[in-house]
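*Asks:* I'm passing along work-v3.txt; it holds compact mmCIF, C-alpha atoms.
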# COMPACT_ATOMS: atom_id res chain seq x y z
CA GLN Q 2 111.93 132.91 110.13
CA GLY Q 3 108.20 133.48 109.79
CA GLN Q 4 105.06 131.74 110.88
CA GLY Q 5 104.14 128.48 109.23
CA ALA Q 6 105.80 125.18 108.45
CA LEU Q 7 109.01 124.87 106.49
CA LEU Q 8 107.26 122.32 104.30
CA ARG Q 9 103.48 122.12 104.13
CA ALA Q 10 101.68 119.78 101.75
CA ARG Q 11 97.92 120.27 101.46
CA TYR Q 12 95.64 117.69 99.81
CA ALA Q 13 98.56 116.27 97.84
CA VAL Q 14 99.03 112.68 96.67
CA ASP Q 15 102.19 110.53 96.78
CA VAL Q 16 104.58 112.92 98.52
CA LEU Q 17 108.24 111.99 99.04
CA VAL Q 18 110.50 113.93 101.42
CA GLN Q 19 113.89 112.27 101.64
CA SER Q 20 117.44 113.02 102.90
CA SER Q 21 116.64 116.63 103.80
CA LEU Q 22 117.65 118.88 106.70
CA PHE Q 23 115.07 120.98 108.57
CA ASP Q 24 116.87 123.31 110.95
CA SER Q 25 116.80 126.76 112.54
CA PRO Q 26 120.17 126.81 114.26
CA GLU Q 27 120.23 130.25 115.85
CA THR Q 28 116.82 130.96 117.36
CA GLY Q 29 114.79 127.83 116.79
CA PHE Q 30 111.52 127.71 114.91
CA PRO Q 31 108.87 130.41 115.41
CA GLN Q 32 106.92 130.22 118.64
CA GLU Q 33 103.59 129.90 116.85
CA ASP Q 34 102.79 127.41 114.10
CA GLY Q 35 106.46 126.51 113.83
CA ARG Q 36 106.24 123.00 112.44
CA ALA Q 37 108.95 121.56 110.25
CA VAL Q 38 106.78 119.27 108.06
CA SER Q 39 103.00 119.60 108.01
CA LEU Q 40 100.87 117.14 106.01
CA VAL Q 41 97.27 118.35 105.69
CA GLY Q 42 94.83 116.00 103.99
CA VAL Q 43 97.66 114.18 102.19
CA ARG Q 44 96.98 110.77 100.62
CA GLY Q 45 100.20 108.78 100.54
CA ALA Q 46 103.51 110.21 101.78
CA ARG Q 47 106.97 108.94 102.68
CA LEU Q 48 109.30 110.93 104.95
CA VAL Q 49 112.54 108.97 104.89
CA GLY Q 50 116.03 109.65 106.19
CA ASN Q 51 115.59 113.32 107.11
CA VAL Q 52 117.12 115.32 109.97
CA LEU Q 53 114.80 117.60 111.96
CA ARG Q 54 116.21 119.78 114.74
CA ASN Q 55 115.59 122.89 116.81
CA VAL Q 56 111.79 122.64 116.60
CA LEU Q 57 111.69 124.17 120.06
CA ALA Q 58 108.04 125.09 120.53
CA ASP Q 59 106.00 122.94 118.16
CA THR Q 60 105.75 119.66 116.24
CA ALA Q 61 108.48 118.42 113.92
CA VAL Q 62 106.20 116.22 111.75
CA GLU Q 63 102.42 116.19 111.72
CA ALA Q 64 99.84 114.33 109.61
CA ARG Q 65 96.27 115.55 110.08
CA ALA Q 66 93.03 116.72 108.40
CA GLY Q 67 92.33 113.32 106.86
CA SER Q 68 95.90 112.40 105.94
CA SER Q 69 96.28 108.69 105.23
CA ASP Q 70 98.92 106.12 104.31
CA ILE Q 71 101.85 108.09 105.73
CA LEU Q 72 105.26 106.52 106.42
CA VAL Q 73 107.70 108.34 108.73
CA ASP Q 74 110.80 106.14 108.49
CA GLY Q 75 114.41 106.46 109.59
CA ASN Q 76 114.42 110.15 110.50
CA ALA Q 77 116.64 111.74 113.16
CA PHE Q 78 115.08 114.22 115.60
CA PHE Q 79 117.24 116.54 117.74
CA ASP Q 80 115.88 119.08 120.25
CA VAL Q 81 112.18 119.12 119.33
CA GLN Q 82 109.11 119.84 121.44
CA GLU Q 83 107.03 117.14 119.74
CA GLY Q 84 108.50 114.58 117.38
CA VAL Q 85 105.71 112.96 115.37
CA SER Q 86 102.03 113.87 115.67
CA LEU Q 87 99.83 111.08 114.33
CA GLY Q 88 96.59 112.99 113.78
CA GLY Q 89 95.69 116.35 115.28
CA ARG Q 90 92.87 118.87 115.31
CA SER Q 91 91.56 120.40 112.10
CA ALA Q 92 88.63 122.64 111.25
CA ARG Q 93 85.85 120.65 109.64
CA GLN Q 94 86.04 122.67 106.43
CA GLU Q 95 89.77 121.82 106.25
CA HIS Q 96 89.28 118.07 106.46
CA ALA Q 97 90.10 116.22 103.23
CA ASP Q 98 87.40 113.60 103.82
CA PRO Q 99 84.18 115.16 105.08
CA LEU Q 100 82.77 111.72 105.94
CA SER Q 101 85.77 110.55 107.92
CA THR Q 102 85.58 109.79 111.63
CA ALA Q 103 89.37 109.89 111.99
CA GLU Q 104 91.81 112.78 111.90
CA ALA Q 105 94.44 110.54 110.26
CA THR Q 106 94.58 106.93 109.08
CA ALA Q 107 97.43 104.44 108.69
CA VAL Q 108 100.28 106.67 109.84
CA VAL Q 109 103.37 104.52 110.53
CA ALA Q 110 106.33 105.90 112.52
CA VAL Q 111 109.20 103.44 112.35
CA ASN Q 112 113.01 103.39 112.71
CA ASN Q 113 113.23 106.98 113.96
CA THR Q 114 115.75 108.26 116.54
CA PHE Q 115 115.36 111.01 119.13
CA VAL Q 116 118.23 112.74 120.96
CA GLY Q 117 118.48 115.96 122.96
CA ALA Q 118 115.58 117.83 124.54
CA VAL Q 119 112.47 116.01 123.29
CA ALA Q 120 109.36 116.48 125.42
CA PHE Q 121 106.90 114.34 123.43
CA PRO Q 122 108.38 111.87 120.95
CA PHE Q 123 104.93 110.67 119.82
CA VAL Q 124 101.51 112.28 120.08
CA VAL Q 125 98.40 110.54 118.74
CA ALA Q 126 95.17 112.45 118.17
CA GLY Q 127 92.26 110.77 116.45
CA CYS Q 128 94.47 108.36 114.49
CA ALA Q 129 93.04 105.13 113.09
CA ARG Q 130 95.23 102.05 112.50
CA CYS Q 131 98.46 103.87 113.29
CA VAL Q 132 101.78 102.25 114.27
CA VAL Q 133 104.72 103.34 116.44
CA ALA Q 134 107.44 100.67 116.13
CA TYR Q 135 111.22 100.10 116.15
CA ASN Q 136 112.04 103.64 117.30
CA SER Q 137 114.95 104.65 119.58
CA TYR Q 138 114.48 107.49 122.06
CA ALA Q 139 117.38 108.82 124.16
CA GLY Q 140 116.11 112.30 124.92
CA ALA Q 141 115.81 114.50 127.99
CA GLY Q 142 112.88 116.35 129.50
CA ALA Q 143 110.25 113.88 128.30
CA ARG Q 144 106.67 114.25 129.49
CA GLY Q 145 105.78 110.78 128.24
CA ALA Q 146 106.77 108.27 125.59
CA VAL Q 147 103.39 108.17 123.82
CA VAL Q 148 100.65 110.69 124.63
CA SER Q 149 97.13 110.73 123.24
CA ARG Q 150 94.88 113.75 122.81
CA PRO Q 151 91.42 114.27 121.31
CA GLY Q 152 91.36 114.55 117.55
CA ALA Q 153 88.92 116.32 115.24
CA THR Q 154 86.65 114.79 112.60
CA GLY Q 155 85.33 115.50 109.14
CA ALA Q 156 82.50 117.88 108.31
CA GLN Q 157 79.83 115.14 108.24
CA ALA Q 158 81.22 112.96 111.02
CA PRO Q 159 78.83 112.17 113.86
CA GLY Q 160 80.83 113.94 116.56
CA ALA Q 161 83.14 116.89 117.00
CA VAL Q 162 85.91 114.76 118.51
CA SER Q 163 87.52 111.61 117.14
CA VAL Q 164 89.31 109.00 119.22
CA THR Q 165 92.34 106.94 118.36
CA THR Q 166 91.56 103.38 117.29
CA GLY Q 167 93.77 100.42 116.44
CA LEU Q 168 97.01 101.97 117.70
CA VAL Q 169 100.04 99.63 117.82
CA VAL Q 170 103.06 100.52 119.99
CA THR Q 171 105.76 97.86 119.90
CA SER Q 172 109.49 97.15 119.79
CA ASN Q 173 110.59 100.65 120.79
CA ILE Q 174 113.26 101.82 123.23
CA PHE Q 175 112.48 104.79 125.48
CA ALA Q 176 115.66 105.61 127.40
CA PHE Q 177 115.01 108.81 129.30
CA GLN Q 178 118.17 110.81 129.96
CA GLY Q 179 117.83 112.23 133.44
CA ALA Q 180 114.60 112.31 135.42
CA VAL Q 181 111.80 109.79 135.04
CA PRO Q 182 108.89 111.37 133.11
CA PRO Q 183 105.56 112.10 134.83
CA ALA Q 184 104.06 109.15 132.95
CA LEU Q 185 105.56 106.45 130.74
CA LEU Q 186 102.45 106.23 128.58
CA ALA Q 187 99.59 108.72 128.73
CA VAL Q 188 96.94 107.20 126.48
CA GLN Q 189 93.45 108.43 127.35
CA PRO Q 190 90.90 105.78 128.37
CA GLU Q 191 88.79 106.33 125.25
CA ASP Q 192 91.86 105.60 123.10
CA GLN Q 193 92.75 102.32 124.83
CA GLY Q 194 89.95 100.04 123.67
CA ASP Q 195 91.90 98.23 120.94
CA LEU Q 196 95.39 99.45 121.77
CA VAL Q 197 98.12 96.85 121.09
CA LEU Q 198 101.18 97.15 123.33
CA GLY Q 199 103.98 94.85 122.30
CA PRO Q 200 107.41 94.54 123.92
CA ASN Q 201 108.99 97.94 124.60
CA LEU Q 202 111.97 98.93 126.76
CA PHE Q 203 111.72 101.72 129.34
CA PHE Q 204 114.79 103.06 131.17
CA ALA Q 205 115.87 106.28 132.87
CA THR Q 206 119.36 107.32 133.87
CA GLY Q 207 117.98 109.33 136.79
CA GLY Q 208 115.63 106.91 138.53
CA ASN Q 209 113.46 103.81 138.38
CA VAL Q 210 110.79 103.93 135.71
CA SER Q 211 108.98 101.03 137.37
CA ALA Q 212 107.68 103.54 139.94
CA ALA Q 213 106.28 105.90 137.29
CA PRO Q 214 102.57 105.85 136.43
CA SER Q 215 101.49 104.60 133.03
CA ALA Q 216 98.16 104.60 131.24
CA PRO Q 217 97.59 101.86 130.40
CA SER Q 218 99.71 99.94 132.86
CA LEU Q 219 102.62 98.03 131.42
CA ASP Q 220 102.48 94.28 131.05
CA LEU Q 221 105.71 93.32 132.79
CA ALA Q 222 105.67 89.98 131.01
CA LEU Q 223 106.27 91.91 127.77
CA ALA Q 224 107.94 95.20 128.70
CA ARG Q 225 111.60 95.51 129.60
CA VAL Q 226 111.75 97.95 132.52
CA ASP Q 227 114.76 99.54 134.27
CA VAL Q 228 117.31 97.83 132.05
CA ASP Q 229 119.95 99.85 130.22
CA PRO Q 230 119.55 99.35 126.44
CA LEU Q 231 123.32 99.83 125.99
CA PHE Q 232 123.31 102.38 123.21
CA THR Q 233 126.79 102.83 121.74
CA SER Q 234 127.04 106.56 122.55
CA VAL Q 235 124.10 108.80 123.42
CA GLY Q 236 126.43 111.80 123.68
CA GLY Q 237 127.80 110.99 120.25
CA ARG Q 238 124.27 110.49 118.89
CA ASP Q 239 125.05 106.87 118.04
CA LEU Q 240 122.00 104.82 119.01
CA THR Q 241 123.21 101.51 117.64
CA LEU Q 242 123.19 98.72 120.22
CA GLN Q 243 126.25 97.29 121.89
CA PRO Q 244 126.76 93.53 122.10
CA GLY Q 245 124.83 92.16 125.05
CA SER Q 246 122.03 94.74 124.81
CA PRO Q 247 118.78 93.43 126.32
CA ALA Q 248 117.01 94.82 123.25
CA LEU Q 249 118.65 92.30 120.93
CA GLY Q 250 116.17 89.64 119.89
CA ALA Q 251 113.45 91.13 122.11
CA GLY Q 252 111.25 92.62 119.38
CA VAL Q 253 108.46 91.19 117.28
CA ALA Q 254 107.91 91.00 113.53
CA LEU Q 255 105.36 93.32 111.94
CA PRO Q 256 104.01 92.72 108.43
CA GLY Q 257 105.59 95.02 105.87
CA LEU Q 258 108.18 96.46 108.26
CA ARG Q 259 111.18 94.29 107.52
CA ARG Q 260 114.02 96.83 107.31
CA ASP Q 261 115.85 98.82 109.97
CA ALA Q 262 117.07 102.42 109.88
CA THR Q 263 120.08 101.49 107.74
CA GLY Q 264 117.90 99.73 105.17
CA ALA Q 265 119.17 96.30 106.22
CA CYS Q 266 116.70 93.45 106.44
CA ARG Q 267 115.66 92.56 109.98
CA THR Q 268 116.56 88.93 110.52
CA ALA Q 269 116.51 88.98 114.34
CA PHE Q 270 113.73 91.25 115.54
CA ARG Q 271 115.31 93.47 118.14
CA LEU Q 272 113.84 96.53 119.74
CA ALA Q 273 115.00 99.91 118.35
CA ALA Q 274 115.80 101.54 115.03
CA PHE Q 275 119.16 99.83 114.44
As structure tokens, what does this structure read like?
*Replies:*
Amino acid sequence: QGQGALLRARYAVDVLVQSSLFDSPETGFPQEDGRAVSLVGVRGARLVGNVLRNVLADTAVEARAGSSDILVDGNAFFDVQEGVSLGGRSARQEHADPLSTAEATAVVAVNNTFVGAVAFPFVVAGCARCVVAYNSYAGAGARGAVVSRPGATGAQAPGAVSVTTGLVVTSNIFAFQGAVPPALLAVQPEDQGDLVLGPNLFFATGGNVSAAPSAPSLDLALARVDVDPLFTSVGGRDLTLQPGSPALGAGVALPGLRRDATGACRTAFRLAAF
């Protein structure tokens, strides 16, 4: 119940955070600097199978200040302001790599689930070669599925702001509970140059997402829009797919990401974590 993250790793190597609970059940996390897991200049980390909840005013998981080779896999997020921040803004003297032009590199968010009040499941800020894939979102109050913001750079980088490059967003389900968000995707123009958008499913219980703006615009030949993913029970926090779900067999294979949230091998590449 003080300022600062529950777990902060600074300039560490080969970090493993697994099967842990991060929670503040009575009042939520502090209003300022209330992150659950903060990775600052970390080289190699795996956050696997954790539960993060009641991060009401900040980011549940962030990787910034030159963090690289970070895997955020199979975690459950409940009632968080921001789920996963791929990159961020760091003071130049804080940056682990003073020559870097990226705030984070090779951050992979895969097989995660989001339920409850979740405004921003994914935020990218100056992230290079980062991946958002096979995630299942069934939250309320979303402001966008994936949002990009300016990142910071290292002390000797040519500019004060870094842009996101090589971002891949594919095989996710974004099922908004209630109102359609102001934007489906809000990726800034400077972050779109080599953005890869694979098949993703967008649905809202309270309206048609096809009418919502998106930056960039969705390729309707790839995206599944306004179709119910048929989660087993959102209220029961069971985001497995029912038989007949349009997400079954609709995903794509990604190198090195062959297992789902249960650890089972993906043989038919569906959208979603399970």
*Asks:* So which residues touch Ala139 (chain Q) within 9 Å, counting all atoms listed in the file, skipping near sequence neighbours fewer than 6 positions away, as a ChimeraX atom specification?
*Replies:* /Q:114-117,119,174-178,232,235,238,240
*Asks:* Which distance in Å separates CA of Val181 (chain Q) and CA of Ala146 (chain Q), to one decimal?
*Replies:*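 CA of Ala146 (chain Q) lies at a distance of 10.8 Å from CA of Val181 (chain Q).
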*Asks:* At most 12 Å from (117.0, 92.0, 111.0), file frame, only C-alpha atoms: which residues, as a JSON list (two decimals) with C-alpha atoms, in the frame of the given file?
*Replies:*
[["chain", "number", "residue", "atom", "x", "y", "z"],
["Q", 135, "TYR", "CA", 111.22, 100.10, 116.15],
["Q", 249, "LEU", "CA", 118.65, 92.30, 120.93],
["Q", 250, "GLY", "CA", 116.17, 89.64, 119.89],
["Q", 251, "ALA", "CA", 113.45, 91.13, 122.11],
["Q", 252, "GLY", "CA", 111.25, 92.62, 119.38],
["Q", 253, "VAL", "CA", 108.46, 91.19, 117.28],
["Q", 254, "ALA", "CA", 107.91, 91.00, 113.53],
["Q", 255, "LEU", "CA", 105.36, 93.32, 111.94],
["Q", 258, "LEU", "CA", 108.18, 96.46, 108.26],
["Q", 259, "ARG", "CA", 111.18, 94.29, 107.52],
["Q", 260, "ARG", "CA", 114.02, 96.83, 107.31],
["Q", 261, "ASP", "CA", 115.85, 98.82, 109.97],
["Q", 262, "ALA", "CA", 117.07, 102.42, 109.88],
["Q", 263, "THR", "CA", 120.08, 101.49, 107.74],
["Q", 264, "GLY", "CA", 117.90, 99.73, 105.17],
["Q", 265, "ALA", "CA", 119.17, 96.30, 106.22],
["Q", 266, "CYS", "CA", 116.70, 93.45, 106.44],
["Q", 267, "ARG", "CA", 115.66, 92.56, 109.98],
["Q", 268, "THR", "CA", 116.56, 88.93, 110.52],
["Q", 269, "ALA", "CA", 116.51, 88.98, 114.34],
["Q", 270, "PHE", "CA", 113.73, 91.25, 115.54],
["Q", 271, "ARG", "CA", 115.31, 93.47, 118.14],
["Q", 272, "LEU", "CA", 113.84, 96.53, 119.74],
["Q", 273, "ALA", "CA", 115.00, 99.91, 118.35],
["Q", 274, "ALA", "CA", 115.80, 101.54, 115.03],
["Q", 275, "PHE", "CA", 119.16, 99.83, 114.44]]
*Asks:* With a distance cut-off of 12 Å and only C-alpha atoms, select the neighbouring residues of Pro99 (chain Q), excluding the residue or stretch itself and same-chain residues fewer than 2 positions from it, and output the selection as a list in words.
*Replies:*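 Everything that qualifies: Gly42, Ala66, Gly67, Ser91, Ala92, Arg93, Gln94, Glu95, His96, Ala97, Ser101, Thr102, Ala103, Glu104, Ala153, Thr154, Gly155, Ala156, Gln157, Ala158 and Pro159 of chain Q.
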*Asks:* Of the candidates Q:Gly167, Q:Pro151, Q:Pro230, Q:Pro190, which shows the shortest atom-to-atom distance to Ala216 (chain Q), using only C-alpha atoms?
*Replies:*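 Using only C-alpha atoms, Ala216 (chain Q) sits closest to Q:Pro190.
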*Asks:* Of the residues Q:Ala77, Q:Leu242, Q:Val125, Q:Ala37, which is the one nearest to Asn51 (chain Q), using only C-alpha atoms?
*Replies:* Q:Ala77
*Asks:* Quick one: distance from CA of Arg54 (chain Q) to CA of Val210 (chain Q) in Å, one decimal?
*Replies:* 26.8 Å
*Asks:* Provide the CA of Ser215 (chain Q) to CA of Ala120 (chain Q) distance in Å, to one decimal place.
*Replies:* 16.2 Å
*Asks:* Determine the axis-aligned bounding box of all atoms of region 139-144 of chain Q present in the file, pad each side by 6 Å, and express its centre and edge lengths in Å to one decimal place as JSON.
*Replies:*
{"center_x": 112.0, "center_y": 112.6, "center_z": 126.8, "size_x": 22.7, "size_y": 19.5, "size_z": 17.3}
*Asks:* Between Q:Gln82, Q:Ser163, Q:Thr171, Q:Asn136, single out the one closest to Asn113 (chain Q), counting all atoms listed in the file.
*Replies:*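 Closest candidate: Q:Asn136.
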*Asks:* Taking (96.5, 113.0, 97.9) in the file's coordinates as the center, which residues reach within 6 Å of it, counting all atoms listed in the file, put as an NGL selection string?
*Replies:* :Q and (12-14 or 43-44)
*Asks:* For Gly179 (chain Q), please output as a ChimeraX atom specification all residues within 8 Å (counting all atoms listed in the file; exclusion window: fewer than 4 positions along the same chain).
*Replies:* /Q:141-142,205-208
*Asks:* Considering only C-alpha atoms, state which residue in the set Q:Thr165, Q:Leu198, Q:Pro214, Q:Asn209 is at the smallest distance from Leu185 (chain Q).
*Replies:*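 Of the candidates, the smallest distance to Leu185 (chain Q) is held by Q:Pro214.
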*Asks:* Ala187 (chain Q): which residues within 12 Å, counting only C-alpha atoms, same-chain residues fewer than 5 positions away excluded, as a PyMOL selection string?
*Replies:* chain Q and resi 121+123-125+143-150+182+192-193+213-219
*Asks:* Counting only C-alpha atoms, which residue out of Q:Asp15, Q:Asp24, Q:Glu191, Q:Asp98 sits closest to Ala126 (chain Q)?
*Replies:*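 Going through Q:Asp15, Q:Asp24, Q:Glu191, Q:Asp98 one by one, the smallest distance to Ala126 (chain Q) is for Q:Glu191.
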*Asks:* Closest to Ser86 (chain Q) among Q:Ala248, Q:Val52, Q:Val133, Q:Ala46, using only C-alpha atoms?
*Replies:* Q:Val133
*Asks:* Please identify all polymer residues within 6 Å of Pro200 (chain Q), counting all atoms listed in the file, omitting same-chain residues fewer than 3 positions from it, and present them as a PyMOL selection string.
*Replies:* chain Q and resi 171-172+223-224
*Asks:* Mind completing region 239-255 of chain Q with N, CA and C atoms? Output as an mmCIF file, keeping the file's coordinate frame, please?
*Replies:*
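What ended up in out30.cif:
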data_model
loop_
_atom_site.group_PDB
_atom_site.id
_atom_site.type_symbol
_atom_site.label_atom_id
_atom_site.label_comp_id
_atom_site.auth_asym_id
_atom_site.auth_seq_id
_atom_site.Cartn_x
_atom_site.Cartn_y
_atom_site.Cartn_z
ATOM 1 N N ASP Q 239 124.955 108.188 118.677
ATOM 2 C CA ASP Q 239 125.050 106.870 118.040
ATOM 3 C C ASP Q 239 124.158 105.918 118.827
ATOM 4 N N LEU Q 240 122.971 105.648 118.304
ATOM 5 C CA LEU Q 240 122.000 104.820 119.010
ATOM 6 C C LEU Q 240 121.980 103.379 118.510
ATOM 7 N N THR Q 241 123.071 102.939 117.902
ATOM 8 C CA THR Q 241 123.210 101.510 117.640
ATOM 9 C C THR Q 241 123.376 100.789 118.974
ATOM 10 N N LEU Q 242 123.156 99.507 118.982
ATOM 11 C CA LEU Q 242 123.190 98.720 120.220
ATOM 12 C C LEU Q 242 124.525 98.012 120.371
ATOM 13 N N GLN Q 243 125.029 98.019 121.596
ATOM 14 C CA GLN Q 243 126.250 97.290 121.890
ATOM 15 C C GLN Q 243 125.947 95.789 122.018
ATOM 16 N N PRO Q 244 126.956 94.956 121.829
ATOM 17 C CA PRO Q 244 126.760 93.530 122.100
ATOM 18 C C PRO Q 244 126.294 93.321 123.538
ATOM 19 N N GLY Q 245 125.372 92.423 123.720
ATOM 20 C CA GLY Q 245 124.830 92.160 125.050
ATOM 21 C C GLY Q 245 123.648 93.026 125.418
ATOM 22 N N SER Q 246 123.194 93.906 124.522
ATOM 23 C CA SER Q 246 122.030 94.740 124.810
ATOM 24 C C SER Q 246 120.803 93.871 125.052
ATOM 25 N N PRO Q 247 120.010 94.196 126.084
ATOM 26 C CA PRO Q 247 118.780 93.430 126.320
ATOM 27 C C PRO Q 247 117.736 93.627 125.239
ATOM 28 N N ALA Q 248 117.964 94.588 124.335
ATOM 29 C CA ALA Q 248 117.010 94.820 123.250
ATOM 30 C C ALA Q 248 117.216 93.862 122.083
ATOM 31 N N LEU Q 249 118.369 93.214 122.038
ATOM 32 C CA LEU Q 249 118.650 92.300 120.930
ATOM 33 C C LEU Q 249 117.752 91.074 121.011
ATOM 34 N N GLY Q 250 117.043 90.806 119.937
ATOM 35 C CA GLY Q 250 116.170 89.640 119.890
ATOM 36 C C GLY Q 250 114.904 89.763 120.703
ATOM 37 N N ALA Q 251 114.609 90.963 121.229
ATOM 38 C CA ALA Q 251 113.450 91.130 122.110
ATOM 39 C C ALA Q 251 112.234 91.706 121.389
ATOM 40 N N GLY Q 252 112.362 92.035 120.109
ATOM 41 C CA GLY Q 252 111.250 92.620 119.380
ATOM 42 C C GLY Q 252 110.366 91.581 118.730
ATOM 43 N N VAL Q 253 109.382 92.073 117.995
ATOM 44 C CA VAL Q 253 108.460 91.190 117.280
ATOM 45 C C VAL Q 253 108.408 91.627 115.821
ATOM 46 N N ALA Q 254 108.036 90.705 114.955
ATOM 47 C CA ALA Q 254 107.910 91.000 113.530
ATOM 48 C C ALA Q 254 106.563 91.670 113.262
ATOM 49 N N LEU Q 255 106.584 92.672 112.382
ATOM 50 C CA LEU Q 255 105.360 93.320 111.940
ATOM 51 C C LEU Q 255 105.273 93.217 110.418
#
